[in-house]
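Chemist: One structure, pasted below without further comment.
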Amino acid sequence: MFEEQATKVKITSVVIVVGMSAMLAAVVTDHWAVLSPRVDKLNATCQAAHFGLWRLCKKNIFMVEEDPQGKGCGPIGLPGAKNCSYFKHFTSGEEAEVFEVKTQKEYNISAAAIAIFSLFFMILGTLCVIFSFGKGRDYLLRPAGMFFAFAGLCIIISVEVMRQSVRRMIDSDETIWIEYYYSWSFTCACASFTLLILSGVALLLISMPHMPRNPWETCMDAEPDTLD
């Protein structure tokens with residue numbers, strides 16, 4: 001790998017590390033969306049919730065005054081009794097309800113599975129970048145770029161699945177939540193998509209062979225073939 005190429009790869013690697021950190025934060029945390037019911041009266045307890053790919057957390061909040069942001073019960077940062085439970089994604093032989101709506105299980109299984117694929121592609125891309133610094137192994141930058149691009153695409157698909165999950169749950173008559181907004185874990189997922197896609201494209205461009213500055217002069221300078 002040339003020195004100039006190695007410098008570009010190192011700079012891109014910094015962006016990759018930031019994107020990977022954002023994606024890991026999004027996958028392991030449970031603040032993708034915050035849900036709240038309608039608050040009919042003050043000086044009463046209401047139940048808000050926030051969730052991620054793996055669990056749902058419900059929080060009983062005592063409302064003294066109306067939420068200035070108009071989000072219903074909350075904000076979620078107010079003190080209150082909190083209860084978190086993991087989703088029974090792969091439980092067999094029983095009916096595991098998610099958000100009290102059975103169809104939500106399929107959405108969450110899909111979002112979690114796609115996020116796992118994203119982590120898998122991210123690991124492969126990282127290994128390719130590490131090994132590409134070896135002598136004569138710069139060709140590994142091309143698959144590394146593709147793996148990071150695939151990781152970014154998977155995480156944005158997971159984001160869209162979760163968006164559809166929230167919308168379906170809010171529209172259902174079987175839940176108490178009618179208000180929602182996306183929180184910081186959702187933002188981390190979107191940021192990781194942007195950074196990983198850009199990093200993947202950058203690695204593909206870096207790994208492309210350099211074209212001569214003046215191809216015509218290069219052809220003219222070539223030595224003629226000799227006849228035996």
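Quick note on naming: the chains in the structure tokens go A, B, ... in the order shown, residues restart at 1 in each chain, and ligands are numbered from 1 in order of appearance.
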List the spatial neighbours of region 158-166 of chain A as a ChimeraX atom specification - criterion: any atom at most 8 Å away, only C-alpha atoms, same-chain residues fewer than 6 positions off excluded.

Modeler: /A:33,104,107-108,110-112,114-115,186,189-190

Chemist: Residues within 9 Å of region 54-56 of chain A, please, as a PyMOL selection string. Count only C-alpha atoms; anything in the same chain fewer than 2 positions from it doesn't count.

Modeler: chain A and resi 27-30+49-52+58+83-89+98-99+108+112

Chemist: How would the residues just chosen look if you wrote them out with N, CA and C atoms as a short mmCIF file (atom, residue, chain, number, x, y, z; two decimals), in the first residue's frame?

Modeler:
data_model
loop_
_atom_site.label_atom_id
_atom_site.label_comp_id
_atom_site.auth_asym_id
_atom_site.auth_seq_id
_atom_site.Cartn_x
_atom_site.Cartn_y
_atom_site.Cartn_z
N VAL A 27 -27.77 -0.36 18.77
CA VAL A 27 -28.20 -1.75 18.86
C VAL A 27 -28.40 -2.19 20.31
N VAL A 28 -27.53 -1.76 21.21
CA VAL A 28 -27.57 -2.27 22.59
C VAL A 28 -28.45 -1.43 23.51
N THR A 29 -28.88 -0.25 23.09
CA THR A 29 -29.71 0.59 23.96
C THR A 29 -31.18 0.47 23.58
N ASP A 30 -32.04 0.98 24.43
CA ASP A 30 -33.48 0.83 24.23
C ASP A 30 -34.20 2.18 24.24
N ALA A 49 -43.38 4.78 28.07
CA ALA A 49 -42.52 3.64 27.74
C ALA A 49 -41.49 4.05 26.70
N HIS A 50 -40.38 3.34 26.70
CA HIS A 50 -39.40 3.48 25.63
C HIS A 50 -38.88 2.09 25.31
N PHE A 51 -38.45 1.88 24.08
CA PHE A 51 -38.04 0.54 23.68
C PHE A 51 -36.94 0.59 22.65
N GLY A 52 -36.28 -0.55 22.48
CA GLY A 52 -35.24 -0.73 21.49
C GLY A 52 -35.45 -2.03 20.75
N LYS A 58 -41.22 0.23 30.74
CA LYS A 58 -42.39 1.02 31.12
C LYS A 58 -42.05 1.81 32.38
N ASN A 83 -39.86 -0.45 34.90
CA ASN A 83 -39.87 -1.90 34.76
C ASN A 83 -39.53 -2.25 33.32
N CYS A 84 -38.42 -2.97 33.11
CA CYS A 84 -37.97 -3.35 31.78
C CYS A 84 -38.10 -4.86 31.60
N SER A 85 -38.53 -5.27 30.43
CA SER A 85 -38.65 -6.69 30.12
C SER A 85 -38.14 -6.93 28.70
N TYR A 86 -37.40 -8.02 28.52
CA TYR A 86 -36.86 -8.36 27.21
C TYR A 86 -37.94 -8.99 26.35
N PHE A 87 -37.89 -8.71 25.06
CA PHE A 87 -38.84 -9.29 24.13
C PHE A 87 -38.55 -10.79 23.98
N LYS A 88 -39.59 -11.56 23.88
CA LYS A 88 -39.45 -13.01 23.68
C LYS A 88 -39.44 -13.27 22.18
N HIS A 89 -38.32 -12.87 21.55
CA HIS A 89 -38.26 -12.95 20.08
C HIS A 89 -38.42 -14.36 19.55
N VAL A 98 -45.96 -8.62 22.14
CA VAL A 98 -45.06 -7.48 22.19
C VAL A 98 -45.91 -6.23 22.05
N PHE A 99 -45.81 -5.32 23.00
CA PHE A 99 -46.64 -4.11 23.06
C PHE A 99 -48.12 -4.47 23.12
N ASN A 108 -40.41 -6.82 15.32
CA ASN A 108 -39.21 -6.74 16.15
C ASN A 108 -38.21 -7.85 15.83
N ALA A 112 -34.43 -6.84 14.68
CA ALA A 112 -33.29 -7.36 15.43
C ALA A 112 -32.40 -8.23 14.55
#

Chemist: Which residue is closest to Cys154 (chain A)? Choose from A:Leu196, A:Ile178, A:Cys188, A:Met63 and count only C-alpha atoms.

Modeler: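 Distance minimum relative to Cys154 (chain A) lands on A:Leu196.
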
Chemist: Which value, in Å to one decimal, gives the distance between CA of Thr45 (chain A) and CA of Ser172 (chain A)?

Modeler: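 Rounded to one decimal, the two atoms are 22.8 Å apart.
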
Chemist: So which residues touch Leu141 (chain A) within 6 Å, counting only C-alpha atoms, skipping near sequence neighbours fewer than 3 positions away, as an NGL selection string?

Modeler: :A and (138 or 144 or 203 or 207)

Chemist: Once you have the residues from the selection above, write them out as an mmCIF file, in the first residue's frame, restricted to N, CA, C and O atoms.

Modeler:
data_model
loop_
_atom_site.group_PDB
_atom_site.id
_atom_site.type_symbol
_atom_site.label_atom_id
_atom_site.label_comp_id
_atom_site.auth_asym_id
_atom_site.auth_seq_id
_atom_site.Cartn_x
_atom_site.Cartn_y
_atom_site.Cartn_z
ATOM 1 N N ASP A 138 -3.529 -4.544 -0.371
ATOM 2 C CA ASP A 138 -4.445 -3.409 -0.496
ATOM 3 C C ASP A 138 -5.711 -3.775 -1.269
ATOM 4 O O ASP A 138 -6.687 -3.019 -1.249
ATOM 5 N N ALA A 144 -13.742 -4.616 1.879
ATOM 6 C CA ALA A 144 -14.005 -3.861 3.111
ATOM 7 C C ALA A 144 -15.030 -2.767 2.850
ATOM 8 O O ALA A 144 -15.977 -2.576 3.626
ATOM 9 N N LEU A 203 -13.678 3.866 0.726
ATOM 10 C CA LEU A 203 -12.722 2.762 0.590
ATOM 11 C C LEU A 203 -12.717 2.200 -0.829
ATOM 12 O O LEU A 203 -11.664 1.830 -1.356
ATOM 13 N N SER A 207 -9.412 2.283 -3.284
ATOM 14 C CA SER A 207 -8.845 1.031 -3.799
ATOM 15 C C SER A 207 -8.825 0.961 -5.320
ATOM 16 O O SER A 207 -8.217 0.045 -5.887
#

Chemist: As a PyMOL selection string, please: all residues of region 27-205 of chain A that backbone DSSP puts in strand (DSSP E).

Modeler: chain A and resi 33-37+44-51+55-63+80-86+177-182

Chemist: Nearest to Thr126 (chain A): which of A:Ile206, A:Met146, A:Ala191, A:Ala113 is it, counting only C-alpha atoms?

Modeler: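 Using only C-alpha atoms, the shortest distance to Thr126 (chain A) belongs to A:Met146.
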
Chemist: Which one of A:Tyr139, A:Arg168, A:Leu198, A:Leu124 sits closest to Gln5 (chain A) if you count only C-alpha atoms?

Modeler: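 Of all the options, A:Tyr139 lies closest to Gln5 (chain A).
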
Chemist: What separation in Å, quoted to one decimal, exists between CA of Ala202 (chain A) and CA of Val9 (chain A)?

Modeler: 8.6 Å

Chemist: Got a sec: who's within 9 Å of Ser13 (chain A), counting only C-alpha atoms, leaving out chain neighbours fewer than 5 positions off, as a list in words?

Modeler: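 In the requested form, the answer reads Lys8, Val18, Thr126, Val129 and Ser199 of chain A.
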
Chemist: What's around Lys82 (chain A) at 9 Å? Count only C-alpha atoms, leave out sequence neighbours fewer than 4 positions away in its own chain, and write the answer as a PyMOL selection string.

Modeler: chain A and resi 57-60

Chemist: Under the rule that only C-alpha atoms are counted, which of A:Ala44, A:Ile116, A:His31, A:Ser185 is the nearest residue to Ile155 (chain A)?

Modeler: A:Ile116

Chemist: Quick one: DSSP alpha helix (DSSP H) residues in region 97-181 of chain A, as a PDB file with N, CA and C atoms, in the first residue's frame?

Modeler:
ATOM      1  N   GLN A 104     -46.770  -7.315  16.493  1.00  0.00           N
ATOM      2  CA  GLN A 104     -45.539  -6.581  16.713  1.00  0.00           C
ATOM      3  C   GLN A 104     -44.331  -7.515  16.823  1.00  0.00           C
ATOM      4  N   LYS A 105     -44.548  -8.757  17.181  1.00  0.00           N
ATOM      5  CA  LYS A 105     -43.437  -9.696  17.342  1.00  0.00           C
ATOM      6  C   LYS A 105     -42.690  -9.870  16.028  1.00  0.00           C
ATOM      7  N   GLU A 106     -43.402  -9.986  14.911  1.00  0.00           N
ATOM      8  CA  GLU A 106     -42.750 -10.173  13.624  1.00  0.00           C
ATOM      9  C   GLU A 106     -41.897  -8.962  13.251  1.00  0.00           C
ATOM     10  N   TYR A 107     -42.393  -7.764  13.547  1.00  0.00           N
ATOM     11  CA  TYR A 107     -41.626  -6.563  13.244  1.00  0.00           C
ATOM     12  C   TYR A 107     -40.325  -6.526  14.036  1.00  0.00           C
ATOM     13  N   ASN A 108     -40.406  -6.820  15.318  1.00  0.00           N
ATOM     14  CA  ASN A 108     -39.210  -6.743  16.149  1.00  0.00           C
ATOM     15  C   ASN A 108     -38.211  -7.852  15.828  1.00  0.00           C
ATOM     16  N   ILE A 109     -38.693  -9.026  15.481  1.00  0.00           N
ATOM     17  CA  ILE A 109     -37.796 -10.101  15.066  1.00  0.00           C
ATOM     18  C   ILE A 109     -37.030  -9.668  13.819  1.00  0.00           C
ATOM     19  N   SER A 110     -37.737  -9.070  12.862  1.00  0.00           N
ATOM     20  CA  SER A 110     -37.093  -8.636  11.622  1.00  0.00           C
ATOM     21  C   SER A 110     -36.059  -7.546  11.889  1.00  0.00           C
ATOM     22  N   ALA A 111     -36.420  -6.547  12.687  1.00  0.00           N
ATOM     23  CA  ALA A 111     -35.491  -5.445  12.966  1.00  0.00           C
ATOM     24  C   ALA A 111     -34.253  -5.947  13.693  1.00  0.00           C
ATOM     25  N   ALA A 112     -34.428  -6.840  14.678  1.00  0.00           N
ATOM     26  CA  ALA A 112     -33.288  -7.363  15.429  1.00  0.00           C
ATOM     27  C   ALA A 112     -32.396  -8.227  14.546  1.00  0.00           C
ATOM     28  N   ALA A 113     -33.005  -9.070  13.698  1.00  0.00           N
ATOM     29  CA  ALA A 113     -32.212  -9.946  12.828  1.00  0.00           C
ATOM     30  C   ALA A 113     -31.405  -9.135  11.823  1.00  0.00           C
ATOM     31  N   ILE A 114     -32.013  -8.101  11.246  1.00  0.00           N
ATOM     32  CA  ILE A 114     -31.293  -7.264  10.290  1.00  0.00           C
ATOM     33  C   ILE A 114     -30.147  -6.527  10.966  1.00  0.00           C
ATOM     34  N   ALA A 115     -30.356  -6.088  12.209  1.00  0.00           N
ATOM     35  CA  ALA A 115     -29.287  -5.421  12.947  1.00  0.00           C
ATOM     36  C   ALA A 115     -28.119  -6.369  13.205  1.00  0.00           C
ATOM     37  N   ILE A 116     -28.403  -7.642  13.444  1.00  0.00           N
ATOM     38  CA  ILE A 116     -27.337  -8.628  13.644  1.00  0.00           C
ATOM     39  C   ILE A 116     -26.535  -8.802  12.358  1.00  0.00           C
ATOM     40  N   PHE A 117     -27.223  -8.838  11.210  1.00  0.00           N
ATOM     41  CA  PHE A 117     -26.512  -8.903   9.931  1.00  0.00           C
ATOM     42  C   PHE A 117     -25.602  -7.689   9.751  1.00  0.00           C
ATOM     43  N   SER A 118     -26.084  -6.520  10.174  1.00  0.00           N
ATOM     44  CA  SER A 118     -25.278  -5.314  10.077  1.00  0.00           C
ATOM     45  C   SER A 118     -23.998  -5.441  10.897  1.00  0.00           C
ATOM     46  N   LEU A 119     -24.111  -5.982  12.110  1.00  0.00           N
ATOM     47  CA  LEU A 119     -22.923  -6.193  12.939  1.00  0.00           C
ATOM     48  C   LEU A 119     -21.960  -7.185  12.294  1.00  0.00           C
ATOM     49  N   PHE A 120     -22.505  -8.214  11.662  1.00  0.00           N
ATOM     50  CA  PHE A 120     -21.678  -9.223  11.000  1.00  0.00           C
ATOM     51  C   PHE A 120     -20.883  -8.598   9.852  1.00  0.00           C
ATOM     52  N   PHE A 121     -21.545  -7.810   9.012  1.00  0.00           N
ATOM     53  CA  PHE A 121     -20.836  -7.138   7.916  1.00  0.00           C
ATOM     54  C   PHE A 121     -19.792  -6.161   8.449  1.00  0.00           C
ATOM     55  N   MET A 122     -20.104  -5.508   9.550  1.00  0.00           N
ATOM     56  CA  MET A 122     -19.172  -4.553  10.133  1.00  0.00           C
ATOM     57  C   MET A 122     -17.907  -5.247  10.613  1.00  0.00           C
ATOM     58  N   ILE A 123     -18.051  -6.420  11.202  1.00  0.00           N
ATOM     59  CA  ILE A 123     -16.883  -7.186  11.668  1.00  0.00           C
ATOM     60  C   ILE A 123     -16.026  -7.627  10.480  1.00  0.00           C
ATOM     61  N   LEU A 124     -16.662  -8.115   9.416  1.00  0.00           N
ATOM     62  CA  LEU A 124     -15.909  -8.528   8.223  1.00  0.00           C
ATOM     63  C   LEU A 124     -15.159  -7.351   7.611  1.00  0.00           C
ATOM     64  N   GLY A 125     -15.819  -6.195   7.537  1.00  0.00           N
ATOM     65  CA  GLY A 125     -15.160  -5.016   6.991  1.00  0.00           C
ATOM     66  C   GLY A 125     -13.969  -4.583   7.829  1.00  0.00           C
ATOM     67  N   THR A 126     -14.100  -4.657   9.137  1.00  0.00           N
ATOM     68  CA  THR A 126     -12.995  -4.284  10.022  1.00  0.00           C
ATOM     69  C   THR A 126     -11.800  -5.203   9.822  1.00  0.00           C
ATOM     70  N   LEU A 127     -12.051  -6.501   9.713  1.00  0.00           N
ATOM     71  CA  LEU A 127     -10.954  -7.460   9.496  1.00  0.00           C
ATOM     72  C   LEU A 127     -10.249  -7.185   8.167  1.00  0.00           C
ATOM     73  N   CYS A 128     -11.022  -6.870   7.132  1.00  0.00           N
ATOM     74  CA  CYS A 128     -10.417  -6.586   5.829  1.00  0.00           C
ATOM     75  C   CYS A 128      -9.533  -5.341   5.884  1.00  0.00           C
ATOM     76  N   VAL A 129      -9.994  -4.306   6.583  1.00  0.00           N
ATOM     77  CA  VAL A 129      -9.194  -3.086   6.699  1.00  0.00           C
ATOM     78  C   VAL A 129      -7.900  -3.360   7.457  1.00  0.00           C
ATOM     79  N   ILE A 130      -7.970  -4.125   8.527  1.00  0.00           N
ATOM     80  CA  ILE A 130      -6.772  -4.430   9.318  1.00  0.00           C
ATOM     81  C   ILE A 130      -5.752  -5.195   8.489  1.00  0.00           C
ATOM     82  N   PHE A 131      -6.224  -6.218   7.759  1.00  0.00           N
ATOM     83  CA  PHE A 131      -5.299  -7.032   6.974  1.00  0.00           C
ATOM     84  C   PHE A 131      -4.793  -6.304   5.727  1.00  0.00           C
ATOM     85  N   SER A 132      -5.493  -5.260   5.294  1.00  0.00           N
ATOM     86  CA  SER A 132      -5.081  -4.546   4.085  1.00  0.00           C
ATOM     87  C   SER A 132      -3.778  -3.779   4.265  1.00  0.00           C
ATOM     88  N   LEU A 141      -9.198  -3.706   0.423  1.00  0.00           N
ATOM     89  CA  LEU A 141      -9.986  -2.503   0.662  1.00  0.00           C
ATOM     90  C   LEU A 141     -11.315  -2.552  -0.087  1.00  0.00           C
ATOM     91  N   ARG A 142     -11.344  -3.224  -1.233  1.00  0.00           N
ATOM     92  CA  ARG A 142     -12.592  -3.300  -1.996  1.00  0.00           C
ATOM     93  C   ARG A 142     -13.663  -4.084  -1.253  1.00  0.00           C
ATOM     94  N   PRO A 143     -13.378  -5.320  -0.809  1.00  0.00           N
ATOM     95  CA  PRO A 143     -14.425  -6.002  -0.018  1.00  0.00           C
ATOM     96  C   PRO A 143     -14.737  -5.285   1.282  1.00  0.00           C
ATOM     97  N   ALA A 144     -13.742  -4.616   1.879  1.00  0.00           N
ATOM     98  CA  ALA A 144     -14.005  -3.861   3.111  1.00  0.00           C
ATOM     99  C   ALA A 144     -15.030  -2.767   2.850  1.00  0.00           C
ATOM    100  N   GLY A 145     -14.857  -2.026   1.737  1.00  0.00           N
ATOM    101  CA  GLY A 145     -15.821  -0.987   1.395  1.00  0.00           C
ATOM    102  C   GLY A 145     -17.214  -1.546   1.176  1.00  0.00           C
ATOM    103  N   MET A 146     -17.301  -2.691   0.510  1.00  0.00           N
ATOM    104  CA  MET A 146     -18.603  -3.311   0.268  1.00  0.00           C
ATOM    105  C   MET A 146     -19.236  -3.776   1.575  1.00  0.00           C
ATOM    106  N   PHE A 147     -18.438  -4.352   2.476  1.00  0.00           N
ATOM    107  CA  PHE A 147     -18.978  -4.820   3.754  1.00  0.00           C
ATOM    108  C   PHE A 147     -19.518  -3.666   4.591  1.00  0.00           C
ATOM    109  N   PHE A 148     -18.807  -2.556   4.633  1.00  0.00           N
ATOM    110  CA  PHE A 148     -19.281  -1.408   5.407  1.00  0.00           C
ATOM    111  C   PHE A 148     -20.523  -0.793   4.768  1.00  0.00           C
ATOM    112  N   ALA A 149     -20.570  -0.771   3.439  1.00  0.00           N
ATOM    113  CA  ALA A 149     -21.773  -0.273   2.767  1.00  0.00           C
ATOM    114  C   ALA A 149     -22.970  -1.178   3.062  1.00  0.00           C
ATOM    115  N   PHE A 150     -22.754  -2.494   3.052  1.00  0.00           N
ATOM    116  CA  PHE A 150     -23.830  -3.428   3.388  1.00  0.00           C
ATOM    117  C   PHE A 150     -24.282  -3.237   4.837  1.00  0.00           C
ATOM    118  N   ALA A 151     -23.319  -2.992   5.739  1.00  0.00           N
ATOM    119  CA  ALA A 151     -23.667  -2.764   7.143  1.00  0.00           C
ATOM    120  C   ALA A 151     -24.550  -1.531   7.286  1.00  0.00           C
ATOM    121  N   GLY A 152     -24.197  -0.466   6.564  1.00  0.00           N
ATOM    122  CA  GLY A 152     -25.016   0.736   6.608  1.00  0.00           C
ATOM    123  C   GLY A 152     -26.411   0.512   6.052  1.00  0.00           C
ATOM    124  N   LEU A 153     -26.511  -0.238   4.949  1.00  0.00           N
ATOM    125  CA  LEU A 153     -27.822  -0.522   4.367  1.00  0.00           C
ATOM    126  C   LEU A 153     -28.676  -1.360   5.314  1.00  0.00           C
ATOM    127  N   CYS A 154     -28.059  -2.323   5.987  1.00  0.00           N
ATOM    128  CA  CYS A 154     -28.815  -3.170   6.922  1.00  0.00           C
ATOM    129  C   CYS A 154     -29.365  -2.358   8.094  1.00  0.00           C
ATOM    130  N   ILE A 155     -28.559  -1.454   8.634  1.00  0.00           N
ATOM    131  CA  ILE A 155     -29.022  -0.704   9.797  1.00  0.00           C
ATOM    132  C   ILE A 155     -30.137   0.261   9.413  1.00  0.00           C
ATOM    133  N   ILE A 156     -30.101   0.829   8.200  1.00  0.00           N
ATOM    134  CA  ILE A 156     -31.188   1.735   7.800  1.00  0.00           C
ATOM    135  C   ILE A 156     -32.456   0.946   7.497  1.00  0.00           C
ATOM    136  N   ILE A 157     -32.320  -0.291   7.023  1.00  0.00           N
ATOM    137  CA  ILE A 157     -33.503  -1.144   6.837  1.00  0.00           C
ATOM    138  C   ILE A 157     -34.104  -1.475   8.194  1.00  0.00           C
ATOM    139  N   SER A 158     -33.247  -1.756   9.180  1.00  0.00           N
ATOM    140  CA  SER A 158     -33.730  -2.004  10.533  1.00  0.00           C
ATOM    141  C   SER A 158     -34.467  -0.791  11.092  1.00  0.00           C
ATOM    142  N   VAL A 159     -33.942   0.401  10.803  1.00  0.00           N
ATOM    143  CA  VAL A 159     -34.599   1.639  11.233  1.00  0.00           C
ATOM    144  C   VAL A 159     -35.990   1.752  10.616  1.00  0.00           C
ATOM    145  N   GLU A 160     -36.105   1.458   9.329  1.00  0.00           N
ATOM    146  CA  GLU A 160     -37.399   1.561   8.660  1.00  0.00           C
ATOM    147  C   GLU A 160     -38.393   0.538   9.199  1.00  0.00           C
ATOM    148  N   VAL A 161     -37.918  -0.665   9.498  1.00  0.00           N
ATOM    149  CA  VAL A 161     -38.798  -1.690  10.078  1.00  0.00           C
ATOM    150  C   VAL A 161     -39.322  -1.221  11.433  1.00  0.00           C
ATOM    151  N   MET A 162     -38.457  -0.613  12.236  1.00  0.00           N
ATOM    152  CA  MET A 162     -38.885  -0.114  13.542  1.00  0.00           C
ATOM    153  C   MET A 162     -39.880   1.036  13.378  1.00  0.00           C
ATOM    154  N   ARG A 163     -39.695   1.871  12.394  1.00  0.00           N
ATOM    155  CA  ARG A 163     -40.647   2.952  12.138  1.00  0.00           C
ATOM    156  C   ARG A 163     -42.022   2.388  11.804  1.00  0.00           C
ATOM    157  N   GLN A 164     -42.051   1.378  10.960  1.00  0.00           N
ATOM    158  CA  GLN A 164     -43.323   0.753  10.622  1.00  0.00           C
ATOM    159  C   GLN A 164     -43.947   0.074  11.838  1.00  0.00           C
ATOM    160  N   SER A 165     -43.094  -0.493  12.694  1.00  0.00           N
ATOM    161  CA  SER A 165     -43.579  -1.126  13.911  1.00  0.00           C
ATOM    162  C   SER A 165     -44.266  -0.115  14.814  1.00  0.00           C
ATOM    163  N   VAL A 166     -43.633   1.050  14.994  1.00  0.00           N
ATOM    164  CA  VAL A 166     -44.205   2.082  15.854  1.00  0.00           C
ATOM    165  C   VAL A 166     -45.524   2.589  15.275  1.00  0.00           C
ATOM    166  N   ARG A 167     -45.555   2.841  13.985  1.00  0.00           N
ATOM    167  CA  ARG A 167     -46.772   3.345  13.367  1.00  0.00           C
ATOM    168  C   ARG A 167     -47.914   2.343  13.475  1.00  0.00           C
ATOM    169  N   ARG A 168     -47.619   1.075  13.280  1.00  0.00           N
ATOM    170  CA  ARG A 168     -48.660   0.048  13.379  1.00  0.00           C
ATOM    171  C   ARG A 168     -49.165  -0.061  14.806  1.00  0.00           C
ATOM    172  N   MET A 169     -48.239   0.055  15.761  1.00  0.00           N
ATOM    173  CA  MET A 169     -48.638  -0.046  17.162  1.00  0.00           C
ATOM    174  C   MET A 169     -49.477   1.157  17.592  1.00  0.00           C
ATOM    175  N   ILE A 170     -49.103   2.362  17.154  1.00  0.00           N
ATOM    176  CA  ILE A 170     -49.857   3.559  17.517  1.00  0.00           C
ATOM    177  C   ILE A 170     -51.263   3.522  16.911  1.00  0.00           C
ATOM    178  N   ASP A 171     -51.382   2.997  15.691  1.00  0.00           N
ATOM    179  CA  ASP A 171     -52.681   2.936  15.023  1.00  0.00           C
ATOM    180  C   ASP A 171     -53.584   1.841  15.572  1.00  0.00           C
TER     181      ASP A 171
END

Chemist: From the list A:Ser183, A:Thr7, A:Phe62, A:Pro79, which residue is nearest Ala26 (chain A) when using only C-alpha atoms?

Modeler: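 Counting only C-alpha atoms, the residue closest to Ala26 (chain A) is A:Ser183.
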
Chemist: Counting only C-alpha atoms, which of A:Val201, A:Cys73, A:Ala81, A:Leu195 gets nearest to Gly19 (chain A)?

Modeler: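 Checking each of A:Val201, A:Cys73, A:Ala81, A:Leu195 against Gly19 (chain A), counting only C-alpha atoms, the winner is A:Leu195.
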